[in-house]
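Next comes input-v5.csv, with CSV, C-alpha atoms.
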chain,number,residue,atom,x,y,z
A,13,MET,CA,-73.0,-28.3,-75.1
A,14,THR,CA,-75.2,-25.4,-76.1
A,15,ASN,CA,-78.2,-27.8,-76.0
A,16,ILE,CA,-77.5,-28.9,-72.5
A,17,PHE,CA,-77.3,-25.3,-71.2
A,18,LYS,CA,-80.6,-24.5,-73.0
A,19,LEU,CA,-82.1,-27.5,-71.1
A,20,LEU,CA,-80.4,-26.8,-67.8
A,21,LEU,CA,-80.9,-23.1,-67.3
A,22,PRO,CA,-84.7,-23.2,-66.9
A,23,THR,CA,-84.1,-25.8,-64.2
A,24,LEU,CA,-81.6,-23.8,-62.2
A,25,PHE,CA,-83.6,-20.6,-62.7
A,26,PRO,CA,-87.2,-21.9,-62.8
A,27,SER,CA,-90.1,-19.6,-63.6
A,28,TRP,CA,-92.6,-21.6,-61.4
A,29,ARG,CA,-95.6,-20.3,-63.4
A,30,PHE,CA,-97.7,-23.4,-62.7
A,31,PHE,CA,-101.1,-23.2,-64.5
A,32,ASP,CA,-100.7,-19.5,-65.2
A,33,VAL,CA,-103.0,-19.9,-68.2
A,34,ILE,CA,-105.0,-23.0,-69.0
A,35,ALA,CA,-103.6,-23.8,-72.5
A,36,PRO,CA,-105.3,-25.8,-75.2
A,37,SER,CA,-104.9,-29.5,-74.3
A,38,PRO,CA,-103.8,-32.1,-76.8
A,39,ARG,CA,-105.1,-35.7,-76.9
A,40,ILE,CA,-103.3,-38.5,-78.6
A,41,GLN,CA,-105.3,-40.8,-80.9
A,42,TYR,CA,-103.8,-43.6,-82.9
A,43,ALA,CA,-104.8,-45.9,-85.8
A,44,LEU,CA,-103.5,-49.2,-87.0
A,45,LEU,CA,-103.3,-49.3,-90.8
A,46,ASN,CA,-103.4,-52.4,-93.1
A,47,ALA,CA,-101.9,-50.9,-96.2
A,48,ALA,CA,-99.8,-47.9,-97.3
A,49,GLY,CA,-102.0,-44.9,-98.1
A,50,GLU,CA,-105.0,-46.3,-96.3
A,51,ILE,CA,-107.3,-43.6,-94.9
A,52,THR,CA,-108.9,-44.7,-91.7
A,53,GLU,CA,-111.7,-43.3,-89.6
A,54,GLU,CA,-111.0,-45.8,-86.7
A,55,TRP,CA,-109.0,-43.5,-84.5
A,56,GLN,CA,-108.7,-44.6,-80.9
A,57,GLU,CA,-107.8,-42.5,-77.9
A,58,PHE,CA,-104.5,-43.6,-76.4
A,59,ARG,CA,-104.9,-44.6,-72.8
A,60,PRO,CA,-108.4,-43.1,-72.1
A,61,ARG,CA,-108.8,-42.2,-68.4
A,62,PRO,CA,-111.1,-44.5,-66.3
A,63,ALA,CA,-114.7,-43.4,-65.7
A,64,HIS,CA,-114.0,-43.5,-61.9
A,65,LEU,CA,-110.9,-44.0,-59.8
A,66,PRO,CA,-111.5,-45.2,-56.2
A,67,PHE,CA,-109.7,-43.4,-53.4
A,68,LYS,CA,-107.7,-46.5,-52.6
A,69,GLN,CA,-106.3,-46.5,-56.1
A,70,MET,CA,-105.4,-42.9,-55.8
A,71,LEU,CA,-103.4,-43.7,-52.6
A,72,GLN,CA,-101.7,-46.6,-54.4
A,73,ARG,CA,-100.7,-44.2,-57.2
A,74,MET,CA,-98.8,-42.1,-54.6
A,75,VAL,CA,-96.0,-44.6,-54.8
A,76,TRP,CA,-96.7,-46.5,-58.1
A,77,ASN,CA,-98.0,-44.4,-61.0
A,78,PRO,CA,-95.8,-45.3,-64.1
A,79,ASP,CA,-98.5,-45.3,-66.8
A,80,TRP,CA,-100.0,-42.0,-65.8
A,81,ASN,CA,-96.6,-40.3,-65.5
A,82,GLU,CA,-95.7,-41.7,-68.9
A,83,SER,CA,-99.0,-40.4,-70.3
A,84,LEU,CA,-98.2,-36.9,-68.9
A,85,PHE,CA,-94.8,-37.1,-70.6
A,86,LEU,CA,-96.4,-37.9,-73.9
A,87,THR,CA,-98.8,-34.9,-73.4
A,88,SER,CA,-95.6,-32.8,-73.0
A,89,CYS,CA,-94.3,-34.4,-76.2
A,90,ALA,CA,-97.6,-33.6,-78.0
A,91,GLU,CA,-97.3,-30.0,-76.8
A,92,ARG,CA,-93.7,-29.8,-78.0
A,93,LEU,CA,-94.8,-31.2,-81.4
A,94,LEU,CA,-97.4,-28.4,-81.7
A,95,GLU,CA,-95.0,-25.7,-80.6
A,96,LYS,CA,-91.9,-26.9,-82.5
A,97,PRO,CA,-92.1,-30.3,-84.2
A,98,THR,CA,-89.1,-32.6,-83.6
A,99,THR,CA,-88.4,-36.2,-84.6
A,100,HIS,CA,-87.7,-36.9,-80.9
A,101,SER,CA,-91.2,-36.1,-79.7
A,102,GLU,CA,-92.8,-38.0,-82.6
A,103,ASP,CA,-90.6,-41.0,-82.0
A,104,GLU,CA,-91.4,-41.0,-78.3
A,105,ILE,CA,-95.1,-41.1,-78.9
A,106,LEU,CA,-95.0,-43.7,-81.7
A,107,ASN,CA,-92.6,-46.0,-79.7
A,108,ARG,CA,-94.7,-45.8,-76.6
A,109,ILE,CA,-98.0,-46.4,-78.4
A,110,MET,CA,-96.3,-49.4,-80.0
A,111,ALA,CA,-95.0,-50.7,-76.7
A,112,ASP,CA,-98.4,-50.3,-75.1
A,113,LEU,CA,-100.1,-52.2,-78.0
A,114,ARG,CA,-97.6,-55.1,-77.7
A,115,LYS,CA,-98.6,-55.5,-74.0
A,116,THR,CA,-102.3,-55.5,-74.7
A,117,THR,CA,-103.7,-58.7,-75.9
A,118,ALA,CA,-107.0,-56.9,-76.9
A,119,HIS,CA,-105.3,-55.5,-79.9
A,120,ASN,CA,-105.5,-58.6,-82.2
A,121,HIS,CA,-105.6,-56.1,-85.0
A,122,LEU,CA,-101.9,-55.6,-84.4
A,123,ASN,CA,-101.2,-59.0,-86.0
A,124,THR,CA,-102.6,-57.9,-89.3
A,125,ALA,CA,-101.7,-54.2,-89.3
A,126,THR,CA,-98.6,-53.1,-91.1
A,127,GLN,CA,-98.5,-49.4,-90.1
A,128,LEU,CA,-99.1,-47.2,-87.1
A,129,GLN,CA,-100.1,-43.5,-87.1
A,130,PHE,CA,-101.2,-41.1,-84.5
A,131,ARG,CA,-102.9,-37.7,-84.6
A,132,LEU,CA,-103.3,-34.9,-82.1
A,133,GLN,CA,-106.7,-33.6,-81.2
A,134,LEU,CA,-106.6,-30.2,-79.5
A,135,ILE,CA,-109.3,-29.3,-77.0
A,136,GLN,CA,-109.7,-25.7,-76.0
A,137,ARG,CA,-112.2,-23.1,-74.8
A,138,ASN,CA,-113.6,-20.6,-77.2
A,139,GLY,CA,-115.9,-18.3,-75.3
A,140,GLN,CA,-118.6,-20.4,-73.6
A,141,THR,CA,-117.9,-23.5,-75.8
A,142,ILE,CA,-115.3,-26.2,-75.7
A,143,GLU,CA,-113.9,-26.9,-79.2
A,144,GLN,CA,-112.1,-29.9,-80.6
A,145,GLU,CA,-109.8,-29.8,-83.6
A,146,ILE,CA,-107.4,-32.2,-85.3
A,147,VAL,CA,-104.1,-30.3,-85.6
A,148,PHE,CA,-101.4,-32.8,-86.3
A,149,TYR,CA,-100.9,-36.1,-88.1
A,150,SER,CA,-97.7,-38.1,-87.5
A,151,ARG,CA,-95.7,-39.9,-90.1
A,152,ILE,CA,-96.9,-43.4,-90.9
A,153,GLN,CA,-94.7,-45.8,-89.1
A,154,PRO,CA,-94.2,-49.4,-90.5
A,155,ILE,CA,-94.7,-52.1,-87.9
A,156,HIS,CA,-91.8,-54.6,-88.1
A,157,LYS,CA,-92.4,-58.3,-87.8
A,158,ASP,CA,-90.2,-58.6,-84.6
A,159,GLU,CA,-92.4,-55.9,-83.0
A,160,LYS,CA,-95.5,-58.0,-83.6
A,161,ARG,CA,-93.8,-61.2,-82.2
A,162,TRP,CA,-93.6,-59.6,-78.8
A,163,SER,CA,-97.4,-59.2,-78.6
B,22,MET,CA,-82.0,-27.0,-37.4
B,23,GLU,CA,-78.3,-27.2,-38.1
B,24,LEU,CA,-77.1,-26.9,-41.6
B,25,ASP,CA,-75.5,-30.4,-41.7
B,26,ASN,CA,-78.8,-32.0,-40.3
B,27,ALA,CA,-80.9,-30.1,-42.9
B,28,ILE,CA,-78.6,-31.3,-45.7
B,29,ARG,CA,-78.7,-34.9,-44.5
B,30,LEU,CA,-82.5,-34.8,-44.2
B,31,THR,CA,-82.7,-33.4,-47.7
B,32,GLU,CA,-80.5,-36.2,-49.0
B,33,ILE,CA,-82.6,-38.9,-47.4
B,34,ALA,CA,-85.9,-37.4,-48.7
B,35,LEU,CA,-84.3,-36.9,-52.1
B,36,GLY,CA,-83.0,-40.4,-52.2
B,37,LEU,CA,-86.4,-41.8,-51.4
B,38,ALA,CA,-88.1,-39.6,-54.0
B,39,PHE,CA,-85.6,-40.6,-56.6
B,40,THR,CA,-86.0,-44.3,-55.6
B,41,GLN,CA,-89.8,-44.0,-56.2
B,42,GLN,CA,-89.3,-42.3,-59.5
B,43,SER,CA,-86.6,-44.8,-60.7
B,44,ILE,CA,-88.7,-47.9,-59.8
B,45,GLU,CA,-91.5,-46.5,-62.0
B,46,HIS,CA,-89.2,-46.3,-65.0
B,47,LEU,CA,-88.0,-49.9,-64.6
B,48,LYS,CA,-91.4,-50.9,-66.0
B,49,SER,CA,-90.6,-49.2,-69.3
B,50,THR,CA,-89.9,-51.2,-72.3
B,51,THR,CA,-87.7,-48.6,-73.9
B,52,HIS,CA,-84.0,-48.1,-73.2
B,53,GLU,CA,-84.6,-45.9,-70.1
B,54,LYS,CA,-83.5,-48.7,-67.8
B,55,THR,CA,-79.8,-47.9,-68.6
B,56,LEU,CA,-80.4,-44.6,-66.9
B,57,PHE,CA,-82.7,-45.6,-64.1
B,58,ILE,CA,-81.1,-48.7,-62.7
B,59,PRO,CA,-77.9,-46.8,-61.8
B,60,ARG,CA,-80.1,-43.9,-60.6
B,61,LEU,CA,-82.0,-46.4,-58.3
B,62,ILE,CA,-78.7,-47.8,-56.9
B,63,LEU,CA,-77.3,-44.4,-56.3
B,64,SER,CA,-80.5,-43.2,-54.7
B,65,LEU,CA,-80.4,-46.0,-52.2
B,66,LEU,CA,-76.7,-45.3,-51.4
B,67,LEU,CA,-77.7,-41.6,-50.8
B,68,VAL,CA,-80.4,-42.7,-48.3
B,69,ALA,CA,-77.8,-44.9,-46.6
B,70,GLY,CA,-75.4,-42.0,-46.4
B,71,PHE,CA,-72.6,-43.6,-48.3
B,72,GLN,CA,-70.1,-41.1,-49.8
B,73,THR,CA,-72.9,-38.6,-50.2
B,74,PRO,CA,-70.9,-35.8,-51.9
B,75,TRP,CA,-69.8,-38.1,-54.8
B,76,ILE,CA,-73.2,-39.9,-54.9
B,77,THR,CA,-74.9,-36.5,-55.2
B,78,LEU,CA,-72.6,-35.5,-58.0
B,79,LEU,CA,-73.2,-38.7,-59.9
B,80,LEU,CA,-77.0,-38.2,-59.5
B,81,LEU,CA,-76.6,-34.7,-60.9
B,82,ALA,CA,-74.8,-36.3,-63.9
B,83,ILE,CA,-77.7,-38.7,-64.4
B,84,SER,CA,-80.2,-35.9,-64.1
B,85,LEU,CA,-78.4,-34.1,-66.9
B,86,ALA,CA,-78.3,-37.3,-69.0
B,87,MET,CA,-82.1,-37.5,-68.4
B,88,LEU,CA,-82.6,-34.0,-69.7
B,89,ILE,CA,-80.8,-34.9,-72.9
B,90,ARG,CA,-82.6,-38.3,-73.2
B,91,PHE,CA,-86.0,-36.7,-72.9
B,92,GLN,CA,-85.1,-33.4,-74.5
B,93,GLY,CA,-86.3,-31.6,-71.4
B,94,PRO,CA,-87.9,-32.7,-68.2
B,95,TYR,CA,-89.8,-36.0,-68.2
B,96,HIS,CA,-92.2,-34.8,-65.6
B,97,GLY,CA,-92.3,-31.0,-65.9
B,98,GLY,CA,-92.0,-29.1,-62.6
B,99,ALA,CA,-91.2,-32.3,-60.6
B,100,ASP,CA,-88.1,-32.9,-62.6
B,101,ARG,CA,-87.1,-29.3,-62.4
B,102,MET,CA,-87.3,-29.4,-58.6
B,103,SER,CA,-85.4,-32.7,-58.6
B,104,LEU,CA,-82.6,-31.2,-60.6
B,105,LEU,CA,-82.6,-28.0,-58.5
B,106,ILE,CA,-82.3,-30.0,-55.3
B,107,VAL,CA,-79.5,-32.2,-56.5
B,108,SER,CA,-77.6,-29.2,-58.0
B,109,CYS,CA,-77.9,-27.3,-54.7
B,110,LEU,CA,-76.8,-30.3,-52.7
B,111,SER,CA,-73.8,-30.8,-55.0
B,112,LEU,CA,-72.8,-27.2,-54.7
B,113,ALA,CA,-73.2,-27.3,-50.9
B,114,HIS,CA,-71.0,-30.4,-50.6
B,115,PHE,CA,-68.2,-29.0,-52.8
B,116,ALA,CA,-68.4,-25.3,-51.7
B,117,PRO,CA,-65.0,-24.0,-50.7
B,118,THR,CA,-66.2,-22.3,-47.5
B,119,HIS,CA,-69.0,-22.6,-45.0
B,120,TYR,CA,-70.4,-19.3,-46.3
B,121,TRP,CA,-70.8,-20.6,-49.8
B,122,ARG,CA,-72.2,-23.8,-48.5
B,123,GLU,CA,-75.0,-21.8,-46.8
B,124,VAL,CA,-75.5,-19.8,-50.0
B,125,ALA,CA,-75.9,-22.9,-52.1
B,126,PHE,CA,-78.4,-24.5,-49.7
B,127,GLY,CA,-80.1,-21.2,-49.1
B,128,TYR,CA,-80.7,-20.9,-52.8
B,129,LEU,CA,-82.8,-24.0,-52.7
B,130,ALA,CA,-84.9,-22.6,-49.8
B,131,LEU,CA,-85.4,-19.4,-51.7
B,132,GLN,CA,-86.5,-21.2,-54.8
B,133,LEU,CA,-89.0,-23.3,-52.8
B,134,LEU,CA,-90.4,-20.1,-51.4
B,135,LEU,CA,-90.7,-18.6,-54.9
B,136,SER,CA,-92.3,-21.8,-56.2
B,137,TYR,CA,-95.3,-21.0,-54.1
B,138,PHE,CA,-95.3,-17.2,-54.2
B,139,ILE,CA,-94.8,-16.9,-58.0
B,140,SER,CA,-97.5,-19.5,-58.6
B,141,GLY,CA,-99.9,-17.5,-56.6
B,142,TRP,CA,-98.9,-14.2,-58.3
B,143,VAL,CA,-99.4,-15.5,-61.8
B,144,LYS,CA,-102.9,-16.7,-60.8
B,145,ILE,CA,-104.1,-13.5,-59.0
B,146,VAL,CA,-103.2,-11.3,-62.0
B,147,ASN,CA,-105.3,-13.6,-64.2
B,148,PRO,CA,-109.0,-12.7,-64.2
B,149,GLU,CA,-109.8,-16.3,-65.2
B,150,TRP,CA,-108.3,-17.6,-62.0
B,151,ARG,CA,-110.0,-14.9,-59.9
B,152,SER,CA,-113.4,-15.9,-61.2
B,153,GLY,CA,-112.8,-19.7,-60.8
B,154,ARG,CA,-113.0,-20.2,-64.6
B,155,ALA,CA,-109.4,-21.3,-64.9
B,156,LEU,CA,-109.8,-24.1,-62.4
B,157,SER,CA,-113.0,-25.1,-64.1
B,158,ASP,CA,-111.1,-25.4,-67.4
B,159,VAL,CA,-108.5,-27.6,-65.6
B,160,PHE,CA,-111.2,-30.0,-64.6
B,161,GLN,CA,-113.2,-29.7,-67.9
B,162,PHE,CA,-110.7,-30.3,-70.6
B,163,SER,CA,-107.1,-30.4,-69.4
B,164,ALA,CA,-105.1,-33.7,-69.5
B,165,TYR,CA,-104.8,-33.8,-65.7
B,166,PRO,CA,-108.0,-35.2,-64.0
B,167,VAL,CA,-107.4,-38.9,-63.3
B,168,SER,CA,-111.0,-40.0,-64.1
B,169,ASP,CA,-113.9,-38.8,-66.1
B,170,ALA,CA,-116.0,-38.5,-62.9
B,171,LEU,CA,-113.7,-35.7,-61.7
B,172,ARG,CA,-114.5,-33.7,-64.8
B,173,GLN,CA,-118.0,-33.2,-63.3
B,174,LEU,CA,-116.3,-30.8,-60.8
B,175,ALA,CA,-116.1,-28.3,-63.6
B,176,HIS,CA,-119.8,-27.8,-63.1
B,177,SER,CA,-119.5,-26.7,-59.5
B,178,PRO,CA,-118.6,-23.0,-59.9
B,179,ARG,CA,-119.0,-22.0,-56.2
B,180,LEU,CA,-116.7,-24.8,-55.1
B,181,LEU,CA,-114.1,-24.0,-57.8
B,182,PHE,CA,-114.3,-20.3,-56.9
B,183,THR,CA,-113.5,-21.1,-53.3
B,184,MET,CA,-110.8,-23.6,-54.2
B,185,SER,CA,-109.2,-21.0,-56.5
B,186,TRP,CA,-109.0,-18.3,-53.9
B,187,ALA,CA,-107.8,-20.7,-51.2
B,188,VAL,CA,-104.9,-21.8,-53.5
B,189,ILE,CA,-104.1,-18.2,-54.6
B,190,LEU,CA,-104.1,-16.8,-51.0
B,191,PHE,CA,-102.1,-19.6,-49.6
B,192,GLU,CA,-99.5,-19.4,-52.3
B,193,LEU,CA,-99.2,-15.6,-52.0
B,194,LEU,CA,-99.1,-15.6,-48.2
B,195,PHE,CA,-96.6,-18.4,-48.0
B,196,PRO,CA,-93.5,-16.1,-47.5
B,197,LEU,CA,-95.2,-14.6,-44.4
B,198,SER,CA,-95.0,-18.1,-42.8
B,199,LEU,CA,-91.2,-17.5,-42.3
B,200,LEU,CA,-92.0,-15.1,-39.5
B,201,SER,CA,-91.8,-18.0,-37.0
B,202,SER,CA,-90.9,-21.6,-37.0
B,203,THR,CA,-94.4,-22.6,-35.8
B,204,THR,CA,-96.1,-20.7,-38.7
B,205,LEU,CA,-93.7,-22.2,-41.2
B,206,ILE,CA,-94.3,-25.8,-40.0
B,207,ILE,CA,-98.1,-25.2,-40.2
B,208,ALA,CA,-97.7,-23.7,-43.7
B,209,LEU,CA,-95.6,-26.7,-44.8
B,210,PHE,CA,-98.3,-29.1,-43.6
B,211,ILE,CA,-100.9,-27.2,-45.6
B,212,ALA,CA,-98.6,-27.2,-48.6
B,213,ALA,CA,-98.0,-30.9,-48.3
B,214,ALA,CA,-101.8,-31.4,-48.1
B,215,PHE,CA,-102.2,-29.3,-51.2
B,216,HIS,CA,-99.6,-31.5,-53.1
B,217,PHE,CA,-101.4,-34.6,-51.8
B,218,ALA,CA,-104.7,-33.3,-53.2
B,219,ASN,CA,-103.0,-32.6,-56.5
B,220,ALA,CA,-101.5,-36.1,-56.5
B,221,CYS,CA,-105.0,-37.7,-55.9
B,222,LEU,CA,-106.9,-35.5,-58.3
B,223,PHE,CA,-104.3,-35.1,-61.1
B,224,GLY,CA,-101.9,-38.0,-60.6
B,225,LEU,CA,-99.0,-35.7,-59.8
B,226,ASN,CA,-97.5,-38.0,-57.2
B,227,ARG,CA,-93.9,-37.0,-58.0
B,228,PHE,CA,-94.6,-33.4,-57.0
B,229,PHE,CA,-95.6,-34.5,-53.6
B,230,TRP,CA,-92.5,-36.4,-52.8
B,231,ILE,CA,-90.0,-34.0,-54.4
B,232,TRP,CA,-91.4,-30.8,-52.9
B,233,ILE,CA,-91.3,-32.5,-49.4
B,234,ALA,CA,-87.6,-33.2,-50.1
B,235,ALA,CA,-87.0,-29.5,-50.3
B,236,TYR,CA,-88.7,-28.7,-47.0
B,237,PRO,CA,-85.6,-29.2,-44.7
B,238,SER,CA,-83.9,-26.4,-46.6
B,239,ILE,CA,-86.6,-23.8,-45.7
B,240,LEU,CA,-86.8,-25.0,-42.1
B,241,TRP,CA,-83.0,-24.4,-41.8
B,242,PHE,CA,-83.3,-21.1,-43.8
B,243,GLN,CA,-86.0,-19.7,-41.5
B,244,GLN,CA,-83.9,-20.3,-38.4
B,245,ARG,CA,-80.8,-19.0,-40.1
B,246,VAL,CA,-82.4,-15.8,-41.3
B,247,MET,CA,-84.3,-15.1,-38.1
B,248,ALA,CA,-81.1,-15.7,-36.0
B,249,THR,CA,-79.6,-12.6,-37.7
B,250,PHE,CA,-82.4,-10.3,-36.4
Target format structure tokens, applied to this file:
Amino acid sequence: MTNIFKLLLPTLFPSWRFFDVIAPSPRIQYALLNAAGEITEEWQEFRPRPAHLPFKQMLQRMVWNPDWNESLFLTSCAERLLEKPTTHSEDEILNRIMADLRKTTAHNHLNTATQLQFRLQLIQRNGQTIEQEIVFYSRIQPIHKDEKRWS
Amino acid sequence: MELDNAIRLTEIALGLAFTQQSIEHLKSTTHEKTLFIPRLILSLLLVAGFQTPWITLLLLAISLAMLIRFQGPYHGGADRMSLLIVSCLSLAHFAPTHYWREVAFGYLALQLLLSYFISGWVKIVNPEWRSGRALSDVFQFSAYPVSDALRQLAHSPRLLFTMSWAVILFELLFPLSLLSSTTLIIALFIAAAFHFANACLFGLNRFFWIWIAAYPSILWFQQRVMATF
């Protein structure tokens, strides 16, 4: 009950401080691993944005924009992880990366991989330069056989 | 605008916004559908005008369940505004007297007004916003621009300076639009255009629909307040 009030109060009495400061921005990168303890350098950005988005597609996204909205939610989860790590945020990111990989036939590597991990890259301004830093590694999540079968 | 008409218009706009949001979640492969299929059905019933007090209350319950499910808002400010509207509508429906009904619905109008004014205030007190640097950072490295091509806007300082001050001044001056119904309608059109631009550039489509859903409240509020003078 305390938890629901904590979640509800900022909604009933919102602060409306949109973009008051431009905070460091996390990016989610994932890797598929083949063995426990494997160290990989093959990190891939999760859902990289397109090089260009035509205006027609912008208009379509006014009514149908589920992937982008999910990506924004995952960015919120990443920010929550950096502020106060919880299993909930980590699970959300791992589960949704896994679901995305299952839908994408391009990820044949999924058939041989046994584990999934993600990390967070933080991008921020420092004076006149933009800096990138890896600030978080998730737990290594085993990929179950039934999860692969859906791919 | 009469209070009952404003409430009904809000219900229809909210129902349509919730329908759009809920349909997007049906694509999900996680267990979200157990929340969003009932939400979709209830939203359509709200648009149809079926038992709206009870439907609004059920939508409020689902909104609370969503807060727990996602451990906070799924879509930041858009979900906050969604919950605020559905809460105010529920309170207005079950208010014991006409006075409290007006207070509940007026609170939504007040929060809508504050959503613009406070956003403008926090920007104007920030030197990075006044110089255009903050908006440059939004385009350069934030998670929001919908394409890499849009990141090039970070290198147009004059444009960003102008855009920053246009947004700041509009948000700060928004409360003055309540002086007449004509200025308010003009301001709401500009605000809707602002949300539309945010939806195109940053993919914030849900903000567009849900903020529009709160507009009837401020149209009613303006007439109600001005009638007392």
Can you measure CA of Ser88 in chain A to CA of His100 in chain A for me? One decimal in Å is fine. 11.9 Å
Restrict the calculation to only C-alpha atoms, then for each residue of range 116-142 of chain B with any atom at most 12 Å from an atom of range 209-232 of chain B give the closest atom pair and their distance in Å to one decimal, rows by chain and rising residue number, as CSV.
residue,atom,partner,partner_atom,distance
B:Leu129,CA,B:Trp232,CA,11.0
B:Ala130,CA,B:Trp232,CA,10.9
B:Gln132,CA,B:Trp232,CA,10.9
B:Leu133,CA,B:Trp232,CA,7.9
B:Leu134,CA,B:Leu209,CA,10.7
B:Ser136,CA,B:Trp232,CA,9.6
B:Tyr137,CA,B:Ala212,CA,8.9
B:Phe138,CA,B:Ala212,CA,11.9
Using only C-alpha atoms, find each residue of range 99-214 of chain B with at least one atom at most 9 Å away from an atom of range 33-55 of chain B; report its shortest atom-to-atom pair and that distance in Å (one decimal), sort the rows by chain and rising residue number, and return the result as a Markdown table.
| residue | atom | partner | partner_atom | distance |
| --- | --- | --- | --- | --- |
| B:Ser103 | CA | B:Leu35 | CA | 7.8 |
| B:Ile106 | CA | B:Leu35 | CA | 7.9 |
| B:Val107 | CA | B:Leu35 | CA | 8.0 |
Restricting it to C-alpha atoms, dump the selection as a compact mmCIF listing (two decimals), keeping the file's coordinate frame.
# COMPACT_ATOMS: atom_id res chain seq x y z
CA SER B 103 -85.40 -32.70 -58.60
CA ILE B 106 -82.30 -30.00 -55.30
CA VAL B 107 -79.50 -32.20 -56.50
Among the residues A:Leu44, A:Ala63, A:Cys89, A:Ile152, the one that comes closest to chain B [using all atoms listed in the file]: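 Closest to chain B, using all atoms listed in the file: A:Ala63.
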Counting only C-alpha atoms, closest pick from A:Gln136, A:Thr116, A:Ile105, A:Glu54 relative to chain B is A:Gln136
Enter the distance from CA of His176 in chain B to CA of Ser157 in chain B, in Å, rounded to one decimal. 7.4 Å
At most 6 Å to chain A: residues in chain B, only C-alpha atoms, as JSON, numbers by chain: {"B": [45, 93, 95, 101, 105, 136, 140, 143, 144, 163, 168, 169, 170, 221, 226]}
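With all atoms listed in the file as the basis for measurement, B:Trp241 is the residue among B:Trp142, B:Phe250, B:Phe162, B:Trp241 that approaches Phe126 in chain B most closely.
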Atom-to-atom span, CA of Arg29 in chain B and CA of Leu197 in chain B, Å: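 Distance between the two atoms: 26.2 Å.
Shortest separation to Phe58 in chain A among A:Leu45, A:Leu94, A:Phe130, A:Leu21 occurs at residue A:Phe130, atoms counted being all atoms listed in the file.
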Would you mind putting back all heavy atoms on range 102-106 of chain A, then writing it out as a PDB file, in the coordinates of the input?
ATOM      1  N   GLU A 102     -92.005 -37.053 -81.829  1.00  0.00           N
ATOM      2  CA  GLU A 102     -92.800 -38.000 -82.600  1.00  0.00           C
ATOM      3  C   GLU A 102     -92.416 -39.426 -82.366  1.00  0.00           C
ATOM      4  O   GLU A 102     -93.274 -40.293 -82.193  1.00  0.00           O
ATOM      5  CB  GLU A 102     -92.623 -37.623 -84.127  1.00  0.00           C
ATOM      6  CG  GLU A 102     -93.704 -38.153 -85.029  1.00  0.00           C
ATOM      7  CD  GLU A 102     -93.565 -37.643 -86.454  1.00  0.00           C
ATOM      8  OE1 GLU A 102     -92.597 -36.910 -86.762  1.00  0.00           O
ATOM      9  OE2 GLU A 102     -94.427 -37.996 -87.269  1.00  0.00           O
ATOM     10  N   ASP A 103     -91.102 -39.663 -82.290  1.00  0.00           N
ATOM     11  CA  ASP A 103     -90.600 -41.000 -82.000  1.00  0.00           C
ATOM     12  C   ASP A 103     -91.072 -41.509 -80.637  1.00  0.00           C
ATOM     13  O   ASP A 103     -91.466 -42.666 -80.474  1.00  0.00           O
ATOM     14  CB  ASP A 103     -89.069 -41.057 -82.042  1.00  0.00           C
ATOM     15  CG  ASP A 103     -88.531 -40.965 -83.457  1.00  0.00           C
ATOM     16  OD1 ASP A 103     -89.332 -41.106 -84.401  1.00  0.00           O
ATOM     17  OD2 ASP A 103     -87.321 -40.720 -83.613  1.00  0.00           O
ATOM     18  N   GLU A 104     -90.980 -40.612 -79.635  1.00  0.00           N
ATOM     19  CA  GLU A 104     -91.400 -41.000 -78.300  1.00  0.00           C
ATOM     20  C   GLU A 104     -92.841 -41.481 -78.277  1.00  0.00           C
ATOM     21  O   GLU A 104     -93.175 -42.504 -77.680  1.00  0.00           O
ATOM     22  CB  GLU A 104     -91.233 -39.828 -77.302  1.00  0.00           C
ATOM     23  CG  GLU A 104     -89.810 -39.494 -76.917  1.00  0.00           C
ATOM     24  CD  GLU A 104     -89.200 -40.482 -75.937  1.00  0.00           C
ATOM     25  OE1 GLU A 104     -89.926 -41.371 -75.456  1.00  0.00           O
ATOM     26  OE2 GLU A 104     -87.990 -40.361 -75.656  1.00  0.00           O
ATOM     27  N   ILE A 105     -93.698 -40.707 -78.947  1.00  0.00           N
ATOM     28  CA  ILE A 105     -95.100 -41.100 -78.900  1.00  0.00           C
ATOM     29  C   ILE A 105     -95.340 -42.375 -79.709  1.00  0.00           C
ATOM     30  O   ILE A 105     -96.005 -43.298 -79.208  1.00  0.00           O
ATOM     31  CB  ILE A 105     -95.977 -39.915 -79.504  1.00  0.00           C
ATOM     32  CG1 ILE A 105     -95.842 -38.672 -78.619  1.00  0.00           C
ATOM     33  CG2 ILE A 105     -97.447 -40.333 -79.593  1.00  0.00           C
ATOM     34  CD1 ILE A 105     -96.537 -37.429 -79.144  1.00  0.00           C
ATOM     35  N   LEU A 106     -94.764 -42.481 -80.894  1.00  0.00           N
ATOM     36  CA  LEU A 106     -95.000 -43.700 -81.700  1.00  0.00           C
ATOM     37  C   LEU A 106     -94.427 -44.940 -80.962  1.00  0.00           C
ATOM     38  O   LEU A 106     -95.097 -45.977 -80.900  1.00  0.00           O
ATOM     39  CB  LEU A 106     -94.240 -43.549 -83.050  1.00  0.00           C
ATOM     40  CG  LEU A 106     -94.967 -42.712 -84.101  1.00  0.00           C
ATOM     41  CD1 LEU A 106     -94.035 -42.374 -85.270  1.00  0.00           C
ATOM     42  CD2 LEU A 106     -96.213 -43.421 -84.628  1.00  0.00           C
TER      43      LEU A 106
END
